[in-house]
file upload35.txt (compact mmCIF, C-alpha atoms (C1' of nucleotides))
# COMPACT_ATOMS: atom_id res chain seq x y z
CA MET U 1 119.68 101.19 87.43
CA ALA U 2 119.80 102.43 91.00
CA ASP U 3 119.36 106.14 90.42
CA ASN U 4 118.38 108.22 93.36
CA LEU U 5 114.89 109.04 92.26
CA ARG U 6 113.01 111.66 94.18
CA LEU U 7 109.87 110.15 95.59
CA ASP U 8 107.01 112.34 96.74
CA SER U 9 104.18 111.30 99.01
CA THR U 10 102.10 110.07 96.06
CA ASP U 11 104.91 107.76 94.98
CA LEU U 12 105.15 106.41 98.51
CA GLU U 13 101.44 105.79 98.58
CA ILE U 14 101.72 103.91 95.30
CA LEU U 15 104.52 101.78 96.70
CA ARG U 16 102.53 101.05 99.80
CA VAL U 17 99.47 99.93 97.88
CA LEU U 18 101.45 97.87 95.37
CA GLN U 19 103.38 96.08 98.09
CA ASN U 20 100.10 94.91 99.54
CA ASP U 21 98.68 93.78 96.22
CA ALA U 22 100.81 94.00 93.12
CA ARG U 23 98.05 92.73 90.87
CA ILE U 24 95.73 95.68 91.46
CA THR U 25 94.80 97.33 88.17
CA ASN U 26 96.37 100.62 87.30
CA ARG U 27 92.94 102.24 87.36
CA GLU U 28 92.19 101.10 90.87
CA LEU U 29 95.64 102.14 91.98
CA ALA U 30 95.17 105.59 90.48
CA ALA U 31 91.78 105.95 92.12
CA THR U 32 93.17 104.86 95.47
CA VAL U 33 95.97 107.40 95.47
CA GLY U 34 93.81 110.08 93.85
CA ILE U 35 95.39 110.73 90.45
CA ALA U 36 94.52 109.93 86.84
CA ALA U 37 95.32 106.51 85.48
CA SER U 38 97.79 107.79 82.91
CA THR U 39 99.70 109.79 85.50
CA CYS U 40 99.78 106.80 87.76
CA LEU U 41 101.19 104.65 84.98
CA ASP U 42 103.89 107.25 84.40
CA ARG U 43 104.92 107.19 88.04
CA VAL U 44 105.04 103.43 88.22
CA ASN U 45 107.11 103.24 85.04
CA ARG U 46 109.48 105.89 86.32
CA MET U 47 110.01 103.98 89.55
CA ARG U 48 110.54 100.84 87.54
CA GLU U 49 113.17 102.44 85.30
CA GLY U 50 114.72 104.15 88.30
CA GLY U 51 115.32 100.85 90.03
CA VAL U 52 112.97 101.42 92.92
CA ILE U 53 110.58 98.78 91.65
CA LEU U 54 112.60 95.68 90.81
CA GLY U 55 109.79 93.45 89.65
CA TYR U 56 106.56 91.68 90.39
CA ARG U 57 106.85 88.34 92.08
CA LEU U 58 104.41 85.59 92.71
CA GLN U 59 104.13 84.61 96.33
CA VAL U 60 103.70 80.85 96.63
CA SER U 61 103.01 78.68 99.64
CA PRO U 62 105.89 76.32 100.45
CA GLU U 63 103.49 74.10 102.41
CA ALA U 64 101.01 73.86 99.55
CA LEU U 65 103.88 72.94 97.26
CA GLY U 66 104.88 70.05 99.48
CA ARG U 67 107.77 71.76 101.26
CA PRO U 68 106.51 72.17 104.82
CA ILE U 69 109.92 72.18 106.57
CA GLN U 70 111.73 75.50 106.55
CA ALA U 71 115.12 76.05 108.09
CA PHE U 72 118.04 78.43 108.19
CA LEU U 73 121.47 77.01 107.50
CA THR U 74 124.47 78.95 108.76
CA ILE U 75 127.60 78.03 106.86
CA ARG U 76 131.25 78.65 107.59
CA ALA U 77 133.75 78.20 104.79
CA GLN U 78 137.20 79.06 103.59
CA HIS U 79 137.51 82.65 102.56
CA ARG U 80 139.07 82.44 99.14
CA ARG U 81 137.02 84.50 96.75
CA GLU U 82 136.64 81.94 93.98
CA LEU U 83 135.61 79.29 96.49
CA LEU U 84 132.95 81.53 97.96
CA ALA U 85 131.57 82.40 94.54
CA SER U 86 131.24 78.82 93.39
CA LEU U 87 129.85 77.76 96.75
CA ALA U 88 127.21 80.49 96.53
CA GLU U 89 126.31 79.31 93.07
CA HIS U 90 126.00 75.73 94.25
CA ILE U 91 123.73 76.72 97.12
CA ARG U 92 121.55 78.85 94.90
CA SER U 93 121.11 76.00 92.46
CA GLN U 94 119.53 73.74 95.08
CA PRO U 95 115.76 73.48 94.63
CA GLU U 96 115.26 73.90 98.37
CA THR U 97 116.97 77.29 98.47
CA ARG U 98 114.67 80.26 98.94
CA ALA U 99 117.25 82.93 99.76
CA LEU U 100 120.98 83.20 100.33
CA TYR U 101 122.87 85.86 102.25
CA HIS U 102 126.58 86.53 102.46
CA LEU U 103 127.27 87.72 105.98
CA ALA U 104 129.85 89.70 107.89
CA GLY U 105 130.74 87.72 110.99
CA ARG U 106 131.70 84.27 112.15
CA ASP U 107 129.32 82.65 109.71
CA ASP U 108 129.81 83.29 106.02
CA PHE U 109 126.46 82.34 104.56
CA LEU U 110 122.92 82.16 105.77
CA VAL U 111 120.49 80.14 103.67
CA LEU U 112 116.74 79.87 103.98
CA VAL U 113 115.60 76.53 102.64
CA ALA U 114 112.19 74.87 102.22
CA ALA U 115 112.44 71.11 102.42
CA GLU U 116 110.05 68.30 101.68
CA SER U 117 110.86 66.47 104.90
CA VAL U 118 113.40 66.22 107.65
CA ALA U 119 115.09 63.51 105.62
CA ASP U 120 115.33 65.86 102.67
CA LEU U 121 116.82 68.51 104.92
CA GLN U 122 119.34 65.99 106.21
CA ARG U 123 120.29 65.00 102.68
CA LEU U 124 120.69 68.64 101.69
CA VAL U 125 122.98 69.41 104.62
CA ILE U 126 125.08 66.27 104.42
CA ASP U 127 125.21 65.42 100.73
CA GLU U 128 125.21 68.90 99.26
CA LEU U 129 126.98 70.98 101.88
CA THR U 130 129.12 69.36 104.56
CA CYS U 131 130.67 67.05 101.98
CA ARG U 132 132.26 70.00 100.22
CA PRO U 133 135.84 70.59 101.33
CA GLU U 134 135.65 74.38 101.52
CA ILE U 135 132.82 74.17 104.06
CA THR U 136 134.03 73.90 107.62
CA GLN U 137 130.70 73.99 109.47
CA VAL U 138 126.98 73.91 108.86
CA GLN U 139 124.40 74.65 111.52
CA THR U 140 120.70 73.96 110.94
CA THR U 141 117.96 75.92 112.67
CA LEU U 142 114.33 75.05 112.14
CA VAL U 143 111.83 77.81 111.42
CA PHE U 144 108.68 77.61 113.56
CA GLN U 145 106.89 80.52 111.98
CA GLU U 146 107.52 83.16 109.35
CA TRP U 147 106.11 86.67 109.06
CA GLU U 148 106.60 89.13 106.26
CA GLY U 149 107.29 92.71 107.19
CA GLY U 150 105.01 95.53 106.21
CA PRO U 151 105.68 97.59 103.08
CA LEU U 152 109.25 98.80 102.83
CA LEU U 153 109.37 102.58 102.60
CA PRO U 154 112.10 105.23 102.67
CA PRO U 155 113.27 106.47 106.07
CA GLY U 156 111.08 109.26 107.40
CA ALA U 157 108.15 108.40 105.15
CA ARG U 158 104.89 109.73 106.51
CA ALA U 159 102.15 109.84 103.90
CA MET J 1 92.96 77.28 101.94
CA ALA J 2 95.88 74.90 101.92
CA ASP J 3 94.36 72.00 100.05
CA ASN J 4 96.66 69.50 98.52
CA LEU J 5 96.04 70.36 94.92
CA ARG J 6 97.38 68.06 92.27
CA LEU J 7 99.75 69.97 90.07
CA ASP J 8 100.73 68.64 86.67
CA SER J 9 103.71 69.73 84.63
CA THR J 10 101.73 72.54 83.00
CA ASP J 11 100.85 73.96 86.41
CA LEU J 12 104.51 73.85 87.38
CA GLU J 13 105.47 75.64 84.20
CA ILE J 14 102.89 78.32 85.02
CA LEU J 15 104.30 78.72 88.50
CA ARG J 16 107.80 78.98 87.14
CA VAL J 17 106.90 81.69 84.65
CA LEU J 18 104.82 83.66 87.14
CA GLN J 19 107.56 83.59 89.75
CA ASN J 20 109.83 85.28 87.26
CA ASP J 21 107.31 87.90 86.19
CA ALA J 22 103.98 88.01 87.95
CA ARG J 23 102.68 90.87 85.81
CA ILE J 24 102.66 88.93 82.57
CA THR J 25 99.22 88.90 80.92
CA ASN J 26 97.18 85.74 80.95
CA ARG J 27 97.41 85.56 77.17
CA GLU J 28 101.18 85.69 77.15
CA LEU J 29 101.34 83.18 79.95
CA ALA J 30 99.06 80.81 78.08
CA ALA J 31 101.14 81.15 74.92
CA THR J 32 104.36 80.55 76.83
CA VAL J 33 103.19 77.32 78.42
CA GLY J 34 101.32 76.24 75.29
CA ILE J 35 97.67 76.12 76.33
CA ALA J 36 94.56 78.16 75.60
CA ALA J 37 94.03 81.39 77.49
CA SER J 38 90.78 80.26 79.08
CA THR J 39 92.37 77.07 80.34
CA CYS J 40 95.31 78.97 81.66
CA LEU J 41 93.06 81.34 83.56
CA ASP J 42 91.27 78.36 85.04
CA ARG J 43 94.50 76.82 86.22
CA VAL J 44 95.76 80.03 87.78
CA ASN J 45 92.47 80.60 89.57
CA ARG J 46 92.45 77.03 90.82
CA MET J 47 95.93 77.41 92.24
CA ARG J 48 94.91 80.68 93.80
CA GLU J 49 91.84 79.19 95.47
CA GLY J 50 93.83 76.12 96.43
CA GLY J 51 96.32 78.20 98.38
CA VAL J 52 99.30 77.46 96.19
CA ILE J 53 99.38 81.03 94.94
CA LEU J 54 99.20 83.32 97.97
CA GLY J 55 99.43 86.67 96.25
CA TYR J 56 101.34 89.03 94.04
CA ARG J 57 104.03 91.12 95.66
CA LEU J 58 106.00 94.10 94.51
CA GLN J 59 109.73 93.67 94.81
CA VAL J 60 111.38 96.94 95.81
CA SER J 61 115.02 97.89 96.15
CA PRO J 62 116.03 98.74 99.73
CA GLU J 63 119.03 100.67 98.43
CA ALA J 64 116.96 102.76 96.04
CA LEU J 65 114.61 103.52 98.92
CA GLY J 66 117.43 104.87 101.05
CA ARG J 67 117.93 101.78 103.20
CA PRO J 68 121.33 100.48 102.11
CA ILE J 69 122.27 98.70 105.35
CA GLN J 70 120.79 95.26 105.79
CA ALA J 71 121.36 93.07 108.80
CA PHE J 72 120.09 90.03 110.59
CA LEU J 73 119.25 90.37 114.26
CA THR J 74 119.18 87.23 116.36
CA ILE J 75 117.12 87.70 119.48
CA ARG J 76 116.84 85.68 122.66
CA ALA J 77 113.92 86.31 124.95
CA GLN J 78 111.86 84.89 127.74
CA HIS J 79 109.65 82.08 126.61
CA ARG J 80 106.25 83.05 127.93
CA ARG J 81 103.78 82.88 125.11
CA GLU J 82 102.15 86.25 125.56
CA LEU J 83 105.54 87.93 125.80
CA LEU J 84 106.67 86.32 122.57
CA ALA J 85 103.51 87.33 120.77
CA SER J 86 103.71 90.97 121.76
CA LEU J 87 107.44 91.06 121.08
CA ALA J 88 106.85 89.66 117.59
CA GLU J 89 104.23 92.31 117.01
CA HIS J 90 106.58 95.05 118.15
CA ILE J 91 109.34 93.84 115.86
CA ARG J 92 107.02 93.59 112.90
CA SER J 93 105.81 97.13 113.44
CA GLN J 94 109.29 98.60 113.00
CA PRO J 95 109.69 100.24 109.58
CA GLU J 96 113.10 98.60 109.17
CA THR J 97 111.71 95.07 109.48
CA ARG J 98 111.59 93.09 106.25
CA ALA J 99 110.96 89.63 107.66
CA LEU J 100 110.66 87.94 111.03
CA TYR J 101 111.19 84.28 111.86
CA HIS J 102 110.42 82.38 115.05
CA LEU J 103 113.14 79.78 115.43
CA ALA J 104 113.73 76.49 117.15
CA GLY J 105 117.07 76.73 118.90
CA ARG J 106 119.11 78.92 121.19
CA ASP J 107 117.87 82.06 119.47
CA ASP J 108 114.16 82.76 119.49
CA PHE J 109 113.79 85.25 116.67
CA LEU J 110 115.64 86.11 113.53
CA VAL J 111 114.86 89.46 111.95
CA LEU J 112 115.98 90.81 108.60
CA VAL J 113 116.09 94.59 108.73
CA ALA J 114 116.91 97.29 106.19
CA ALA J 115 118.32 100.40 107.86
CA GLU J 116 119.05 103.88 106.65
CA SER J 117 122.46 103.95 108.28
CA VAL J 118 124.58 102.29 110.89
CA ALA J 119 123.30 104.85 113.37
CA ASP J 120 119.75 103.87 112.53
CA LEU J 121 120.62 100.23 113.04
CA GLN J 122 122.17 101.08 116.40
CA ARG J 123 119.07 102.97 117.43
CA LEU J 124 116.87 100.09 116.38
CA VAL J 125 118.85 97.54 118.36
CA ILE J 126 119.30 99.63 121.48
CA ASP J 127 116.17 101.73 121.73
CA GLU J 128 113.64 99.29 120.31
CA LEU J 129 115.02 95.90 121.30
CA THR J 130 117.61 95.56 124.04
CA CYS J 131 115.69 98.02 126.20
CA ARG J 132 112.77 95.62 126.44
CA PRO J 133 112.88 93.52 129.59
CA GLU J 134 111.83 90.24 127.99
CA ILE J 135 114.80 90.38 125.61
CA THR J 136 117.94 88.84 127.04
CA GLN J 137 120.27 89.16 124.05
CA VAL J 138 120.46 90.71 120.59
CA GLN J 139 123.18 89.91 118.10
CA THR J 140 123.61 91.94 114.93
CA THR J 141 125.08 90.50 111.74
CA LEU J 142 125.60 92.66 108.69
CA VAL J 143 124.49 91.38 105.29
CA PHE J 144 127.15 91.78 102.60
CA GLN J 145 125.07 90.48 99.74
CA GLU J 146 121.65 89.00 99.15
CA TRP J 147 120.49 86.55 96.49
CA GLU J 148 116.99 85.33 95.84
CA GLY J 149 116.51 81.68 95.15
CA GLY J 150 115.08 80.40 91.92
CA PRO J 151 111.39 79.59 91.55
CA LEU J 152 110.07 77.43 94.36
CA LEU J 153 108.63 74.18 93.01
CA PRO J 154 107.33 70.95 94.50
CA PRO J 155 109.82 68.21 95.31
CA GLY J 156 110.58 66.05 92.33
CA ALA J 157 109.41 68.63 89.80
CA ARG J 158 110.86 68.02 86.38
CA ALA J 159 109.05 69.87 83.65
C1' DC Z 1 102.78 117.41 86.71
C1' DG Z 2 98.45 116.81 85.52
C1' DT Z 3 94.07 115.56 82.45
C1' DG Z 4 90.65 113.37 79.21
C1' DA Z 5 89.69 111.01 75.04
C1' DA Z 6 90.50 107.30 71.77
C1' DA Z 7 92.39 102.91 69.98
C1' DG Z 8 93.85 98.60 70.84
C1' DT Z 9 94.11 94.80 74.13
C1' DC Z 10 92.63 92.01 77.61
C1' DA Z 11 89.75 89.45 81.17
C1' DC Z 12 85.93 86.97 81.68
C1' DC Z 13 81.71 84.59 80.77
C1' DT Z 14 78.90 81.56 77.95
C1' DA Z 15 78.19 77.95 74.86
C1' DG Z 16 79.51 74.57 71.61
C1' DT Z 17 82.99 70.72 69.89
C1' DA G 1 90.66 70.74 77.23
C1' DC G 2 90.16 73.89 73.17
C1' DT G 3 87.58 77.25 70.20
C1' DA G 4 84.74 81.19 69.36
C1' DG G 5 81.95 85.19 70.23
C1' DG G 6 80.79 89.14 72.89
C1' DT G 7 80.80 92.65 76.55
C1' DG G 8 82.89 95.61 79.52
C1' DA G 9 87.02 96.97 81.63
C1' DC G 10 91.61 97.87 81.08
C1' DT G 11 96.30 99.63 79.33
C1' DT G 12 98.68 102.77 76.76
C1' DT G 13 99.45 106.64 73.88
C1' DC G 14 98.76 111.30 72.65
C1' DA G 15 97.44 116.07 72.40
C1' DC G 16 96.60 119.40 75.49
C1' DG G 17 96.25 122.61 80.19
call {"tool": "encode", "arguments": {"input": "upload35.txt", "output": "structure tokens"}}
result
Amino acid sequence: MADNLRLDSTDLEILRVLQNDARITNRELAATVGIAASTCLDRVNRMREGGVILGYRLQVSPEALGRPIQAFLTIRAQHRRELLASLAEHIRSQPETRALYHLAGRDDFLVLVAAESVADLQRLVIDELTCRPEITQVQTTLVFQEWEGGPLLPPGARA
Amino acid sequence: MADNLRLDSTDLEILRVLQNDARITNRELAATVGIAASTCLDRVNRMREGGVILGYRLQVSPEALGRPIQAFLTIRAQHRRELLASLAEHIRSQPETRALYHLAGRDDFLVLVAAESVADLQRLVIDELTCRPEITQVQTTLVFQEWEGGPLLPPGARA
DNA sequence: CGTGAAAGTCACCTAGT
DNA sequence: ACTAGGTGACTTTCACG
């Protein structure tokens, strides 16, 4: 799945374009990077099978969906493996959860959540998290603003 | 752009399917949710124009791209607006940056970065961040594991 | 690795029920 | 909302440099 595929500059250009707009047609993509459509399709499929391209995701607006409050929750818990696994599963199953990270450091988990309201955030923290015995601390930090990074490319990528 | 569009259960089903695979054809999508293709296209376009659907993004593997080290950087800085804006721009322009968040709390920024190596991470922190005068503190936390949340849906969504 | 052609599919528009 | 027809663009395969 995660082969180390060799990527030339054309592959990188494809990745760059697709990360900006994944719904571009293969023809347009091929024209943009300067190769034939069939060749372009080959390259995309190879990167897909090679694990470089994981999938195509819809980007939705949390605000437009009625979840205007975003926050990071830092969670400290007991370090027994089976507790951590089931805790992670519980966090991921919450509808507010957008992403979950297991961290090295004082805090064990970092969760990005999108909540309907401050009250919903409070309920999430108190009723779903701090009530669990394996959790020793939860800290909530509101997100003022969120930016996505540019296209992710290999180190040393030029063109 | 961010109208409050009314979404019925069919719209939610569309969002759910598209968040799993945004490259599905409109015909397949329509068949999956049980409506006609033309209607389905209408609904998707309406959600796109209504700001619910922001775009279609390629999901790439940082490891497969040669960036196996992921970390969160928490940054404290001086709070003058123009300093924060230019600092945010500088952080976003780094090739390691995957996402940037402006926070309410002791820390001003949280950055998710994907680095080539620990040395690269060190260079990023020291040469690009702590050297800047407006930054007062940077804390680095390694990411052991990352999970994406399920599809993001409106509060109270059932089917 | 690249191309061009050909077949099948799809998006998209229009109009009618 | 669905159906149906029609056009042009698209994906995908294949034989071939």
call {"tool": "calpha_fit_and_write", "arguments": {"input": "upload35.txt", "fixed": "chain J", "moving": "chain U", "output": "compact mmCIF listing (two decimals) with C-alpha atoms, in the frame of the given file"}}
result
# COMPACT_ATOMS: atom_id res chain seq x y z
CA MET U 1 93.10 77.54 102.24
CA ALA U 2 95.98 75.09 102.08
CA ASP U 3 94.31 72.24 100.23
CA ASN U 4 96.55 69.67 98.70
CA LEU U 5 95.92 70.54 95.10
CA ARG U 6 97.20 68.18 92.48
CA LEU U 7 99.60 70.01 90.23
CA ASP U 8 100.49 68.64 86.82
CA SER U 9 103.47 69.63 84.73
CA THR U 10 101.54 72.49 83.11
CA ASP U 11 100.76 73.96 86.53
CA LEU U 12 104.42 73.73 87.46
CA GLU U 13 105.39 75.48 84.27
CA ILE U 14 102.91 78.24 85.06
CA LEU U 15 104.37 78.62 88.53
CA ARG U 16 107.86 78.76 87.15
CA VAL U 17 107.03 81.47 84.64
CA LEU U 18 105.00 83.53 87.11
CA GLN U 19 107.74 83.42 89.73
CA ASN U 20 110.08 84.99 87.22
CA ASP U 21 107.65 87.68 86.16
CA ALA U 22 104.30 87.93 87.87
CA ARG U 23 103.15 90.79 85.67
CA ILE U 24 103.18 88.79 82.44
CA THR U 25 99.77 88.90 80.78
CA ASN U 26 97.60 85.86 80.93
CA ARG U 27 97.78 85.58 77.15
CA GLU U 28 101.54 85.50 77.08
CA LEU U 29 101.57 83.04 79.94
CA ALA U 30 99.15 80.77 78.11
CA ALA U 31 101.20 80.98 74.93
CA THR U 32 104.39 80.21 76.82
CA VAL U 33 103.03 77.07 78.44
CA GLY U 34 101.06 76.08 75.33
CA ILE U 35 97.40 76.26 76.35
CA ALA U 36 94.49 78.59 75.65
CA ALA U 37 94.19 81.79 77.62
CA SER U 38 90.92 80.82 79.27
CA THR U 39 92.31 77.48 80.42
CA CYS U 40 95.36 79.20 81.75
CA LEU U 41 93.22 81.63 83.72
CA ASP U 42 91.32 78.69 85.19
CA ARG U 43 94.51 77.04 86.36
CA VAL U 44 95.88 80.19 87.91
CA ASN U 45 92.61 80.85 89.72
CA ARG U 46 92.48 77.29 90.97
CA MET U 47 95.99 77.56 92.37
CA ARG U 48 95.05 80.85 93.94
CA GLU U 49 91.96 79.42 95.63
CA GLY U 50 93.88 76.30 96.58
CA GLY U 51 96.45 78.31 98.49
CA VAL U 52 99.38 77.53 96.26
CA ILE U 53 99.52 81.08 94.99
CA LEU U 54 99.37 83.41 97.98
CA GLY U 55 99.56 86.71 96.17
CA TYR U 56 101.43 89.04 93.90
CA ARG U 57 104.03 91.21 95.54
CA LEU U 58 105.98 94.16 94.36
CA GLN U 59 109.70 93.76 94.68
CA VAL U 60 111.29 97.04 95.73
CA SER U 61 114.91 98.03 96.08
CA PRO U 62 115.89 98.81 99.68
CA GLU U 63 118.88 100.80 98.42
CA ALA U 64 116.78 102.90 96.06
CA LEU U 65 114.42 103.59 98.94
CA GLY U 66 117.22 104.93 101.08
CA ARG U 67 117.76 101.82 103.20
CA PRO U 68 121.17 100.56 102.08
CA ILE U 69 122.14 98.76 105.32
CA GLN U 70 120.69 95.29 105.73
CA ALA U 71 121.29 93.11 108.74
CA PHE U 72 120.05 90.04 110.53
CA LEU U 73 119.23 90.38 114.20
CA THR U 74 119.19 87.23 116.30
CA ILE U 75 117.14 87.69 119.44
CA ARG U 76 116.92 85.66 122.61
CA ALA U 77 113.99 86.26 124.94
CA GLN U 78 111.95 84.81 127.73
CA HIS U 79 109.76 81.99 126.59
CA ARG U 80 106.37 82.92 127.92
CA ARG U 81 103.87 82.72 125.11
CA GLU U 82 102.21 86.09 125.58
CA LEU U 83 105.60 87.79 125.77
CA LEU U 84 106.74 86.19 122.55
CA ALA U 85 103.55 87.18 120.75
CA SER U 86 103.71 90.82 121.75
CA LEU U 87 107.43 90.94 121.05
CA ALA U 88 106.84 89.54 117.57
CA GLU U 89 104.19 92.16 116.99
CA HIS U 90 106.51 94.92 118.13
CA ILE U 91 109.28 93.75 115.82
CA ARG U 92 106.94 93.46 112.87
CA SER U 93 105.70 96.99 113.41
CA GLN U 94 109.16 98.49 112.96
CA PRO U 95 109.54 100.14 109.55
CA GLU U 96 112.97 98.55 109.14
CA THR U 97 111.63 95.01 109.44
CA ARG U 98 111.53 93.03 106.21
CA ALA U 99 110.93 89.55 107.62
CA LEU U 100 110.66 87.86 111.00
CA TYR U 101 111.21 84.21 111.84
CA HIS U 102 110.48 82.31 115.02
CA LEU U 103 113.22 79.74 115.40
CA ALA U 104 113.86 76.45 117.14
CA GLY U 105 117.20 76.71 118.88
CA ARG U 106 119.22 78.94 121.15
CA ASP U 107 117.94 82.05 119.43
CA ASP U 108 114.22 82.71 119.43
CA PHE U 109 113.82 85.20 116.62
CA LEU U 110 115.67 86.08 113.49
CA VAL U 111 114.85 89.42 111.89
CA LEU U 112 115.93 90.79 108.55
CA VAL U 113 116.00 94.57 108.69
CA ALA U 114 116.80 97.30 106.15
CA ALA U 115 118.16 100.39 107.82
CA GLU U 116 118.85 103.90 106.64
CA SER U 117 122.27 104.01 108.27
CA VAL U 118 124.42 102.35 110.86
CA ALA U 119 123.10 104.89 113.34
CA ASP U 120 119.56 103.88 112.50
CA LEU U 121 120.49 100.25 112.99
CA GLN U 122 122.03 101.11 116.35
CA ARG U 123 118.90 102.97 117.41
CA LEU U 124 116.72 100.05 116.34
CA VAL U 125 118.75 97.53 118.32
CA ILE U 126 119.19 99.62 121.44
CA ASP U 127 116.02 101.69 121.68
CA GLU U 128 113.53 99.23 120.28
CA LEU U 129 114.94 95.86 121.27
CA THR U 130 117.54 95.54 124.01
CA CYS U 131 115.61 97.99 126.17
CA ARG U 132 112.72 95.56 126.42
CA PRO U 133 112.87 93.44 129.56
CA GLU U 134 111.85 90.15 127.96
CA ILE U 135 114.81 90.33 125.57
CA THR U 136 117.96 88.83 126.99
CA GLN U 137 120.28 89.18 123.98
CA VAL U 138 120.45 90.71 120.54
CA GLN U 139 123.16 89.94 118.03
CA THR U 140 123.55 91.99 114.84
CA THR U 141 125.04 90.56 111.66
CA LEU U 142 125.52 92.73 108.61
CA VAL U 143 124.43 91.44 105.21
CA PHE U 144 127.07 91.86 102.50
CA GLN U 145 125.00 90.53 99.66
CA GLU U 146 121.59 89.02 99.09
CA TRP U 147 120.44 86.56 96.43
CA GLU U 148 116.95 85.31 95.80
CA GLY U 149 116.52 81.64 95.12
CA GLY U 150 115.12 80.32 91.89
CA PRO U 151 111.43 79.48 91.55
CA LEU U 152 110.12 77.34 94.38
CA LEU U 153 108.65 74.11 93.04
CA PRO U 154 107.34 70.88 94.56
CA PRO U 155 109.86 68.15 95.35
CA GLY U 156 110.60 65.97 92.35
CA ALA U 157 109.35 68.53 89.84
CA ARG U 158 110.80 67.96 86.40
CA ALA U 159 108.86 69.75 83.69
call {"tool": "atom_distance", "arguments": {"input": "upload35.txt", "atom1": "atom CA of Ala22 of chain J", "atom2": "atom CA of Gln94 of chain J"}}
result
27.7 Å
call {"tool": "residues_around", "arguments": {"input": "upload35.txt", "residues": "segment 8-13 of chain Z", "least_positions_apart": "3", "cutoff": "12 Å", "atoms": "all atoms listed in the file", "output": "NGL selection string"}}
result
(:U and (25)) or (:J and (24-28 or 37-42)) or (:G and (5-13))
call {"tool": "residues_around", "arguments": {"input": "upload35.txt", "residues": "DC16 of chain G", "least_positions_apart": "6", "cutoff": "12 Å", "atoms": "only C-alpha atoms (C1' of nucleotides)", "output": "number ranges by chain"}}
result
Z: 2-5
call {"tool": "residues_around", "arguments": {"input": "upload35.txt", "residues": "Glu96 of chain J", "least_positions_apart": "2", "cutoff": "10 Å", "atoms": "all atoms listed in the file", "output": "VMD selection string"}}
result
(chain U and resid 149 to 155) or (chain J and resid 62 67 69 to 71 91 to 94 98 to 99 111 to 116 120 to 121 124)
call {"tool": "residues_near_point", "arguments": {"input": "upload35.txt", "point": "(131.4, 77.4, 102.8)", "cutoff": "8 Å", "atoms": "only C-alpha atoms (C1' of nucleotides)", "output": "ChimeraX atom specification"}}
result
/U:75-78,83-84,87,108-109,129,132,134-137
call {"tool": "atom_distance", "arguments": {"input": "upload35.txt", "atom1": "atom CA of His102 of chain U", "atom2": "atom CA of Gln145 of chain J"}}
result
5.0 Å
call {"tool": "residues_around", "arguments": {"input": "upload35.txt", "residues": "Phe72 of chain U", "least_positions_apart": "6", "cutoff": "9 Å", "atoms": "all atoms listed in the file", "output": "PyMOL selection string"}}
result
(chain U and resi 110-113+139-143) or (chain J and resi 103)
call {"tool": "residues_around", "arguments": {"input": "upload35.txt", "residues": "Tyr56 of chain U", "least_positions_apart": "4", "cutoff": "12 Å", "atoms": "only C-alpha atoms (C1' of nucleotides)", "output": "PyMOL selection string"}}
result
(chain U and resi 18-24+48+52) or (chain J and resi 17-24+55-61)
call {"tool": "write_last_selection", "arguments": {"input": "upload35.txt", "atoms": "C-alpha atoms", "output": "mmCIF file, in the coordinates of the input"}}
result
data_model
loop_
_atom_site.group_PDB
_atom_site.id
_atom_site.type_symbol
_atom_site.label_atom_id
_atom_site.label_comp_id
_atom_site.auth_asym_id
_atom_site.auth_seq_id
_atom_site.Cartn_x
_atom_site.Cartn_y
_atom_site.Cartn_z
ATOM 1 C CA LEU U 18 101.450 97.870 95.370
ATOM 2 C CA GLN U 19 103.380 96.080 98.090
ATOM 3 C CA ASN U 20 100.100 94.910 99.540
ATOM 4 C CA ASP U 21 98.680 93.780 96.220
ATOM 5 C CA ALA U 22 100.810 94.000 93.120
ATOM 6 C CA ARG U 23 98.050 92.730 90.870
ATOM 7 C CA ILE U 24 95.730 95.680 91.460
ATOM 8 C CA ARG U 48 110.540 100.840 87.540
ATOM 9 C CA VAL U 52 112.970 101.420 92.920
ATOM 10 C CA VAL J 17 106.900 81.690 84.650
ATOM 11 C CA LEU J 18 104.820 83.660 87.140
ATOM 12 C CA GLN J 19 107.560 83.590 89.750
ATOM 13 C CA ASN J 20 109.830 85.280 87.260
ATOM 14 C CA ASP J 21 107.310 87.900 86.190
ATOM 15 C CA ALA J 22 103.980 88.010 87.950
ATOM 16 C CA ARG J 23 102.680 90.870 85.810
ATOM 17 C CA ILE J 24 102.660 88.930 82.570
ATOM 18 C CA GLY J 55 99.430 86.670 96.250
ATOM 19 C CA TYR J 56 101.340 89.030 94.040
ATOM 20 C CA ARG J 57 104.030 91.120 95.660
ATOM 21 C CA LEU J 58 106.000 94.100 94.510
ATOM 22 C CA GLN J 59 109.730 93.670 94.810
ATOM 23 C CA VAL J 60 111.380 96.940 95.810
ATOM 24 C CA SER J 61 115.020 97.890 96.150
#
call {"tool": "closest_residue", "arguments": {"input": "upload35.txt", "among": "U:Asn45, U:Trp147, U:Arg81, U:Gly156", "to": "chain G", "atoms": "all atoms listed in the file"}}
result
U:Asn45
call {"tool": "interface_residues", "arguments": {"input": "upload35.txt", "of": "chain G", "to": "chain J", "cutoff": "9 Å", "atoms": "all atoms listed in the file", "output": "PDB file with C-alpha atoms (C1' of nucleotides), keeping the file's coordinate frame"}}
result
ATOM      1  C1'  DA G   1      90.660  70.740  77.230  1.00  0.00           C
ATOM      2  C1'  DC G   2      90.160  73.890  73.170  1.00  0.00           C
ATOM      3  C1'  DT G   3      87.580  77.250  70.200  1.00  0.00           C
TER       4       DT G   3
END
call {"tool": "closest_residue", "arguments": {"input": "upload35.txt", "among": "U:Thr74, U:Thr97, U:Thr10, U:Ser86", "to": "chain J", "atoms": "all atoms listed in the file"}}
result
U:Thr97
